[in-house]
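Undergrad: My structure file data_9.txt, compact mmCIF, C-alpha atoms, is below:
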# COMPACT_ATOMS: atom_id res chain seq x y z
CA MET V 20 93.39 114.39 186.10
CA SER V 21 93.35 111.51 188.62
CA THR V 22 95.60 108.49 188.23
CA ARG V 23 92.54 106.26 187.72
CA VAL V 24 91.17 108.42 184.91
CA GLU V 25 94.61 108.47 183.30
CA GLU V 26 94.65 104.67 183.41
CA ILE V 27 91.22 104.51 181.78
CA HIS V 28 92.39 106.85 179.02
CA GLN V 29 95.52 104.78 178.41
CA ALA V 30 93.54 101.54 178.36
CA GLY V 31 90.93 102.84 175.92
CA THR V 32 91.50 101.25 172.53
CA ARG V 33 89.72 104.06 170.64
CA ASP V 34 91.41 107.02 172.27
CA GLY V 35 94.71 108.76 171.78
CA PRO V 36 95.81 112.14 170.45
CA LEU V 37 94.04 113.87 167.60
CA MET V 38 95.99 112.92 164.48
CA VAL V 39 95.85 115.37 161.58
CA ALA V 40 98.06 114.77 158.54
CA GLY V 41 100.36 112.56 160.59
CA VAL V 42 100.83 115.06 163.44
CA ALA V 43 99.58 114.37 166.98
CA TYR V 44 97.70 117.01 168.95
CA GLN V 45 96.64 116.67 172.58
CA SER V 46 93.86 119.26 172.28
CA ARG V 47 90.76 118.43 170.26
CA LEU V 48 89.61 122.06 170.25
CA LEU V 49 90.61 124.20 167.26
CA VAL V 50 89.95 127.92 167.41
CA GLY V 51 89.77 130.90 165.08
CA THR V 52 91.20 134.38 165.41
CA GLY V 53 88.44 136.67 164.08
CA LYS V 54 85.94 138.99 165.78
CA TYR V 55 87.99 139.77 168.89
CA LYS V 56 88.25 143.41 169.99
CA ASP V 57 92.04 143.40 169.68
CA LEU V 58 95.07 141.11 169.37
CA ALA V 59 95.61 141.03 173.12
CA GLU V 60 92.13 139.60 173.70
CA THR V 61 92.74 137.13 170.88
CA ALA V 62 95.92 135.89 172.53
CA ARG V 63 94.32 135.53 175.98
CA ALA V 64 91.31 133.59 174.70
CA ILE V 65 93.40 131.23 172.61
CA GLU V 66 95.69 130.58 175.56
CA ALA V 67 92.67 129.79 177.76
CA SER V 68 91.26 127.42 175.14
CA GLY V 69 94.28 125.15 175.24
CA ALA V 70 94.07 124.84 171.45
CA GLU V 71 97.13 123.81 169.49
CA ILE V 72 95.70 124.47 166.01
CA VAL V 73 94.68 128.06 165.30
CA THR V 74 92.93 128.96 162.07
CA VAL V 75 93.56 132.27 160.30
CA ALA V 76 91.45 133.85 157.56
CA ILE V 77 94.08 134.89 155.02
CA ARG V 78 91.76 137.34 153.25
CA ARG V 79 90.85 139.12 156.50
CA THR V 80 93.88 138.84 158.77
CA ASN V 81 97.38 140.24 158.37
CA ILE V 82 100.10 137.63 158.80
CA GLY V 83 102.70 139.60 156.91
CA GLN V 84 101.03 140.43 153.60
CA THR V 85 100.39 144.02 154.77
CA PRO V 86 103.64 145.50 156.13
CA GLY V 87 103.26 148.18 158.79
CA GLU V 88 99.96 146.87 160.18
CA PRO V 89 99.56 144.71 163.33
CA ASN V 90 100.61 141.16 162.55
CA LEU V 91 98.67 138.31 164.15
CA LEU V 92 101.80 136.18 164.24
CA ASP V 93 103.30 138.62 166.74
CA VAL V 94 100.88 137.29 169.38
CA ILE V 95 100.10 133.82 167.98
CA SER V 96 103.53 132.34 167.46
CA PRO V 97 103.95 129.62 164.81
CA GLU V 98 106.52 128.13 167.17
CA LYS V 99 103.78 127.45 169.73
CA TYR V 100 100.73 126.86 167.53
CA THR V 101 100.01 125.13 164.25
CA ILE V 102 98.74 127.94 162.07
CA LEU V 103 95.87 126.75 159.88
CA PRO V 104 95.28 129.18 157.00
CA ASN V 105 91.69 129.17 155.80
CA THR V 106 89.90 130.47 152.75
CA ALA V 107 87.05 132.23 154.58
CA GLY V 108 85.35 134.76 152.33
CA CYS V 109 86.02 132.85 149.12
CA TYR V 110 83.03 132.22 146.86
CA THR V 111 84.78 130.49 143.95
CA ALA V 112 87.22 127.64 143.61
CA GLU V 113 89.69 129.97 141.90
CA ASP V 114 89.72 132.42 144.82
CA ALA V 115 90.17 129.62 147.33
CA ILE V 116 93.07 128.08 145.40
CA ARG V 117 94.75 131.47 145.05
CA THR V 118 94.35 132.14 148.77
CA CYS V 119 95.94 128.81 149.71
CA ARG V 120 98.88 129.48 147.44
CA LEU V 121 99.35 132.89 149.07
CA ALA V 122 99.25 131.29 152.52
CA ARG V 123 101.91 128.79 151.53
CA GLU V 124 104.13 131.64 150.35
CA LEU V 125 103.60 133.72 153.51
CA LEU V 126 104.18 130.76 155.82
CA ASP V 127 107.34 129.40 154.18
CA GLY V 128 105.90 126.41 152.38
CA HIS V 129 103.15 125.57 154.87
CA GLU V 130 100.92 122.84 153.39
CA LEU V 131 98.10 122.34 155.92
CA VAL V 132 95.07 124.45 154.98
CA LYS V 133 91.38 124.69 155.76
CA LEU V 134 89.37 124.90 152.57
CA GLU V 135 85.98 126.54 152.45
CA VAL V 136 84.15 127.84 149.40
CA LEU V 137 80.90 129.57 150.28
CA GLY V 138 77.70 129.40 148.28
CA ASP V 139 75.98 132.63 149.30
CA GLU V 140 76.32 135.50 151.76
CA LYS V 141 73.08 134.84 153.67
CA THR V 142 73.49 131.24 154.80
CA LEU V 143 77.27 130.88 154.33
CA PHE V 144 76.61 127.28 153.38
CA PRO V 145 79.38 125.65 151.36
CA HIS V 146 79.32 125.57 147.57
CA ILE V 147 79.97 121.86 147.20
CA PRO V 148 80.83 121.67 143.45
CA ASP V 149 83.41 124.46 143.77
CA THR V 150 84.76 122.99 147.00
CA LEU V 151 85.27 119.64 145.28
CA ASN V 152 87.03 121.34 142.36
CA ALA V 153 89.29 123.36 144.66
CA ALA V 154 90.12 120.35 146.81
CA GLU V 155 91.14 118.34 143.75
CA VAL V 156 93.55 121.04 142.56
CA LEU V 157 95.02 121.71 145.99
CA ILE V 158 95.61 118.04 146.77
CA LYS V 159 97.42 117.63 143.44
CA GLU V 160 99.61 120.60 144.39
CA GLY V 161 100.64 118.94 147.64
CA PHE V 162 98.37 120.74 150.09
CA LYS V 163 97.00 118.86 153.08
CA VAL V 164 93.37 119.86 152.95
CA MET V 165 90.97 120.06 155.88
CA VAL V 166 87.65 120.73 154.20
CA TYR V 167 84.52 122.58 155.39
CA THR V 168 81.37 120.95 154.06
CA ASN V 169 77.70 120.43 154.79
CA ASP V 170 76.40 117.55 156.91
CA ASP V 171 75.78 115.24 153.95
CA PRO V 172 77.37 111.82 154.65
CA ILE V 173 77.79 111.06 150.93
CA VAL V 174 79.65 114.31 150.24
CA ALA V 175 81.77 113.88 153.37
CA LYS V 176 82.87 110.44 152.22
CA ARG V 177 83.71 111.80 148.78
CA PHE V 178 86.07 114.38 150.28
CA GLU V 179 87.79 111.64 152.25
CA GLU V 180 88.15 109.42 149.19
CA MET V 181 89.76 112.18 147.14
CA GLY V 182 92.45 112.69 149.78
CA CYS V 183 91.37 115.36 152.27
CA VAL V 184 93.17 114.86 155.59
CA ALA V 185 90.11 115.89 157.65
CA VAL V 186 86.44 116.52 156.94
CA MET V 187 84.66 119.34 158.76
CA PRO V 188 80.86 119.21 158.51
CA LEU V 189 78.87 122.17 159.76
CA ALA V 190 76.68 121.89 162.84
CA ALA V 191 74.66 124.93 161.73
CA PRO V 192 75.34 128.07 159.67
CA ILE V 193 78.63 129.83 160.39
CA GLY V 194 78.32 132.22 163.31
CA SER V 195 74.72 131.23 164.08
CA GLY V 196 75.32 129.62 167.47
CA LEU V 197 72.42 127.25 166.85
CA GLY V 198 74.27 124.09 167.88
CA ILE V 199 74.06 120.77 166.08
CA ARG V 200 70.87 120.80 164.01
CA ASN V 201 71.20 117.29 162.57
CA PRO V 202 73.02 115.00 165.00
CA TYR V 203 72.04 111.88 163.07
CA ASN V 204 73.84 113.00 159.93
CA ILE V 205 76.92 113.92 161.96
CA GLN V 206 76.87 110.47 163.52
CA PHE V 207 76.52 108.82 160.10
CA ILE V 208 79.57 110.78 158.90
CA VAL V 209 81.60 109.77 161.96
CA GLU V 210 80.70 106.10 161.67
CA ALA V 211 81.78 105.91 158.03
CA ALA V 212 84.95 107.96 158.35
CA GLY V 213 88.56 106.93 158.01
CA VAL V 214 89.90 110.45 158.60
CA PRO V 215 89.26 112.89 161.46
CA ILE V 216 85.80 114.43 161.57
CA LEU V 217 85.64 117.85 163.19
CA VAL V 218 82.45 119.83 163.61
CA ASP V 219 82.95 123.27 162.13
CA ALA V 220 80.48 126.16 162.40
CA GLY V 221 77.35 126.69 164.44
CA VAL V 222 78.56 125.92 167.96
CA GLY V 223 77.18 128.47 170.42
CA THR V 224 78.08 127.33 173.90
CA ALA V 225 79.87 124.61 175.84
CA SER V 226 77.01 122.12 175.74
CA ASP V 227 77.05 122.23 171.92
CA ALA V 228 80.73 121.31 171.91
CA ALA V 229 80.11 118.47 174.36
CA VAL V 230 77.32 117.06 172.17
CA ALA V 231 79.62 117.04 169.14
CA MET V 232 82.22 115.07 171.06
CA GLU V 233 79.64 112.69 172.51
CA LEU V 234 78.58 111.87 168.94
CA GLY V 235 82.14 110.66 168.32
CA CYS V 236 83.60 113.64 166.49
CA ASP V 237 87.36 113.87 166.69
CA GLY V 238 87.30 117.57 167.48
CA VAL V 239 85.51 120.89 167.09
CA LEU V 240 86.58 124.12 165.41
CA MET V 241 84.98 127.34 166.60
CA ASN V 242 85.47 131.10 166.56
CA THR V 243 82.32 133.17 167.06
CA ALA V 244 81.14 131.19 170.10
CA ILE V 245 84.25 132.32 171.96
CA ALA V 246 84.98 135.70 170.39
CA SER V 247 81.39 136.96 170.68
CA ALA V 248 80.87 135.83 174.27
CA GLN V 249 80.63 138.55 176.91
CA ASN V 250 83.82 137.12 178.42
CA PRO V 251 85.77 135.39 175.61
CA GLU V 252 88.55 134.16 177.87
CA LEU V 253 86.10 132.48 180.25
CA MET V 254 84.12 130.98 177.37
CA ALA V 255 87.34 129.61 175.88
CA SER V 256 88.05 127.88 179.17
CA ALA V 257 84.50 126.48 179.24
CA MET V 258 84.87 125.14 175.70
CA ARG V 259 88.13 123.45 176.62
CA LYS V 260 86.43 121.60 179.47
CA ALA V 261 83.38 120.73 177.37
CA ILE V 262 85.54 119.13 174.68
CA GLU V 263 87.33 117.04 177.29
CA ALA V 264 84.10 116.04 179.05
CA GLY V 265 82.33 115.14 175.81
CA ARG V 266 85.26 113.00 174.69
CA GLU V 267 85.34 111.14 178.01
CA ALA V 268 81.59 110.55 177.85
CA TYR V 269 81.93 109.16 174.32
CA LEU V 270 84.71 106.81 175.38
CA ALA V 271 82.80 105.75 178.50
CA GLY V 272 79.74 104.73 176.46
CA ARG V 273 76.46 106.24 177.55
CA MET V 274 73.65 104.20 179.07
CA PRO V 275 70.89 103.16 176.65
CA ARG V 276 67.86 105.42 176.40
CA LYS V 277 64.67 103.89 177.81
CA ARG V 278 61.02 104.79 177.53
CA TYR V 279 60.25 104.07 181.19
CA GLY V 280 61.88 104.64 184.56
CA SER V 281 64.35 102.25 186.10
CA ALA V 282 65.13 102.46 189.81
CA SER V 283 68.72 103.33 190.66
CA SER V 284 68.54 100.92 193.59
CA PRO V 285 67.20 97.43 192.67
CA ILE V 286 64.11 96.35 194.60
CA ASP V 287 65.03 92.64 194.61
CA GLY V 288 65.95 91.49 198.08
CA THR V 289 64.42 94.45 199.93
CA PHE V 290 63.31 93.77 203.48
CA PHE V 291 59.99 95.63 203.44
Can you give me the file's structure in the form of structure tokens?

TA:
Amino acid sequence: MSTRVEEIHQAGTRDGPLMVAGVAYQSRLLVGTGKYKDLAETARAIEASGAEIVTVAIRRTNIGQTPGEPNLLDVISPEKYTILPNTAGCYTAEDAIRTCRLARELLDGHELVKLEVLGDEKTLFPHIPDTLNAAEVLIKEGFKVMVYTNDDPIVAKRFEEMGCVAVMPLAAPIGSGLGIRNPYNIQFIVEAAGVPILVDAGVGTASDAAVAMELGCDGVLMNTAIASAQNPELMASAMRKAIEAGREAYLAGRMPRKRYGSASSPIDGTFF
């Protein structure tokens, strides 16, 4: 990064590290660990992404609960990354709460979790009533909850008010790669938020990640877009750059949209 760009970053009153539950992170890209062909590919892609927060599906990934099988923590060290246990695959509040408690036990008292309670197997949309119930219990038990939700601004604000440390609205169904389907709702959520807003689910390629950041999101969490690419390591690198570019564009402030053309070179004062 050039000295001039560094100066602009430092002067920007709205920028700084991503703050989650009082911890500062330089990367605004969060990544998952599922769907890779093996642990070696997982490690290479995550390294290329530059991510500092790595989410792990406790119900689907071994981090010590199954002795004798490959352990993800052998290649994704908790000393290097913040491990974010998630409740992927849970369809009831009870299952999600139980999964978070297991994660805390496996990770020596770890309190930061990503909560998701799914509504059905086809859309993988969140079950909002059960998510609210689970969040309430987990927050009372001392968990720091990052919550997956739909793109409803009212619901997003409710999660913030009850004490979630980050709200994570979907861009589109999990694993769909459709990109942000309702940018206006995402922008409404961002504008009203007092906690980090991170787009979660539906990103398909680098331009989708850039759009999320240009809308003012604090970060993006993704898995399938990287893991299912033909070259996951290269896609991870692309996503890293897209997040950075989108953030810079947001801070720079885009030009207003106009209905008609406007010459790049003014015609006033031309000689002929």

Undergrad: Might you pull out every residue within 10 Å of Thr150 in chain V, with all atoms listed in the file counted and same-chain residues fewer than 4 positions away left off, and present them as a ChimeraX atom specification?

TA: /V:110-113,115-116,134-138,145-146,154-155,166-168,178

Undergrad: For CA of Gln206 in chain V and CA of Gly235 in chain V, quote the distance in Å rounded to one decimal.

TA: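 Between CA of Gln206 in chain V and CA of Gly235 in chain V the gap works out to 7.1 Å.
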
Undergrad: So, counting only C-alpha atoms, which residue among V:Asp57, V:Asp34, V:Glu267, V:Asp127 is closest to Ile102 in chain V?

TA: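 Result for the nearest residue to Ile102 in chain V: V:Asp127.
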
Undergrad: So which one's closest to Ala257 in chain V, V:Ala228, V:Ile147, V:Met187, V:Gly194? Using all atoms listed in the file, please.

TA: V:Ala228

Undergrad: Calculate how many Å separate CA of Tyr100 in chain V from CA of Ala70 in chain V, rounding to one decimal.

TA: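 Between CA of Tyr100 in chain V and CA of Ala70 in chain V the gap works out to 8.0 Å.
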
Undergrad: To one decimal in Å, tell me the separation between CA of Leu49 in chain V and CA of Thr101 in chain V.

TA: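 It comes out at 9.9 Å.
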
Undergrad: Pick from V:Pro192, V:Pro86, V:Ala153, V:Glu210: nearest to Lys141 in chain V, with only C-alpha atoms counted?

TA: V:Pro192

Undergrad: For each of V:Pro188, V:Met232, V:Glu88, V:Asp237, take the minimum atom-to-atom distance to Ala271 in chain V, counting only C-alpha atoms, then give the residue where this is smallest.

TA: V:Met232

Undergrad: So which one's closest to Glu98 in chain V, V:Glu263, V:Asp170, V:Glu71, V:Glu124? Using all atoms listed in the file, please.

TA: V:Glu71

Undergrad: Pick the closest to Ala185 in chain V from V:Arg78, V:Lys159, V:Lys133, V:Arg266: which is it, counting all atoms listed in the file?

TA: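 Using all atoms listed in the file, the shortest distance to Ala185 in chain V belongs to V:Lys133.
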
Undergrad: Env of Lys176 in chain V: 8 Å cut, atoms = all atoms listed in the file, seq-sep filter 3 positions within chain, self excluded. Answer as a list in words.

TA: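 Final neighbour list, sorted by chain and number: Pro172, Ile173, Glu179, Glu180, Ile208, Ala211 and Ala212 of chain V.
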
Undergrad: Find the residues near Ala261 in chain V: any atom within 12 Å, counting only C-alpha atoms, skip ones fewer than 5 places away on the same chain, and give them as JSON, numbers by chain.

TA: {"V": [46, 47, 48, 68, 69, 222, 224, 225, 226, 227, 228, 229, 230, 231, 232, 233, 238, 239, 254, 255, 256, 266, 267, 268]}

Undergrad: Taking (89.5, 135.8, 166.7) in the coordinates of the supplied file, I want to know which residues reach to within 9 Å of it, counting all atoms listed in the file; could you give the answer as a ChimeraX atom specification?

TA: /V:50-58,60-62,64-65,74-75,242-243,245-246

Undergrad: Output C-alpha atoms for every residue in the selection just made, as a PDB file, in the coordinates of the input.

TA:
ATOM      1  CA  VAL V  50      89.950 127.920 167.410  1.00  0.00           C
ATOM      2  CA  GLY V  51      89.770 130.900 165.080  1.00  0.00           C
ATOM      3  CA  THR V  52      91.200 134.380 165.410  1.00  0.00           C
ATOM      4  CA  GLY V  53      88.440 136.670 164.080  1.00  0.00           C
ATOM      5  CA  LYS V  54      85.940 138.990 165.780  1.00  0.00           C
ATOM      6  CA  TYR V  55      87.990 139.770 168.890  1.00  0.00           C
ATOM      7  CA  LYS V  56      88.250 143.410 169.990  1.00  0.00           C
ATOM      8  CA  ASP V  57      92.040 143.400 169.680  1.00  0.00           C
ATOM      9  CA  LEU V  58      95.070 141.110 169.370  1.00  0.00           C
ATOM     10  CA  GLU V  60      92.130 139.600 173.700  1.00  0.00           C
ATOM     11  CA  THR V  61      92.740 137.130 170.880  1.00  0.00           C
ATOM     12  CA  ALA V  62      95.920 135.890 172.530  1.00  0.00           C
ATOM     13  CA  ALA V  64      91.310 133.590 174.700  1.00  0.00           C
ATOM     14  CA  ILE V  65      93.400 131.230 172.610  1.00  0.00           C
ATOM     15  CA  THR V  74      92.930 128.960 162.070  1.00  0.00           C
ATOM     16  CA  VAL V  75      93.560 132.270 160.300  1.00  0.00           C
ATOM     17  CA  ASN V 242      85.470 131.100 166.560  1.00  0.00           C
ATOM     18  CA  THR V 243      82.320 133.170 167.060  1.00  0.00           C
ATOM     19  CA  ILE V 245      84.250 132.320 171.960  1.00  0.00           C
ATOM     20  CA  ALA V 246      84.980 135.700 170.390  1.00  0.00           C
TER      21      ALA V 246
END

Undergrad: Give the padded box for range 44-54 of chain V as AutoDock Vina command-line options: axis-aligned, covering all atoms listed in the file, 4 Å on each side, centre and edge lengths in Å to one decimal.

TA:
--center_x 91.8 --center_y 127.8 --center_z 168.3 --size_x 19.8 --size_y 30.3 --size_z 16.5
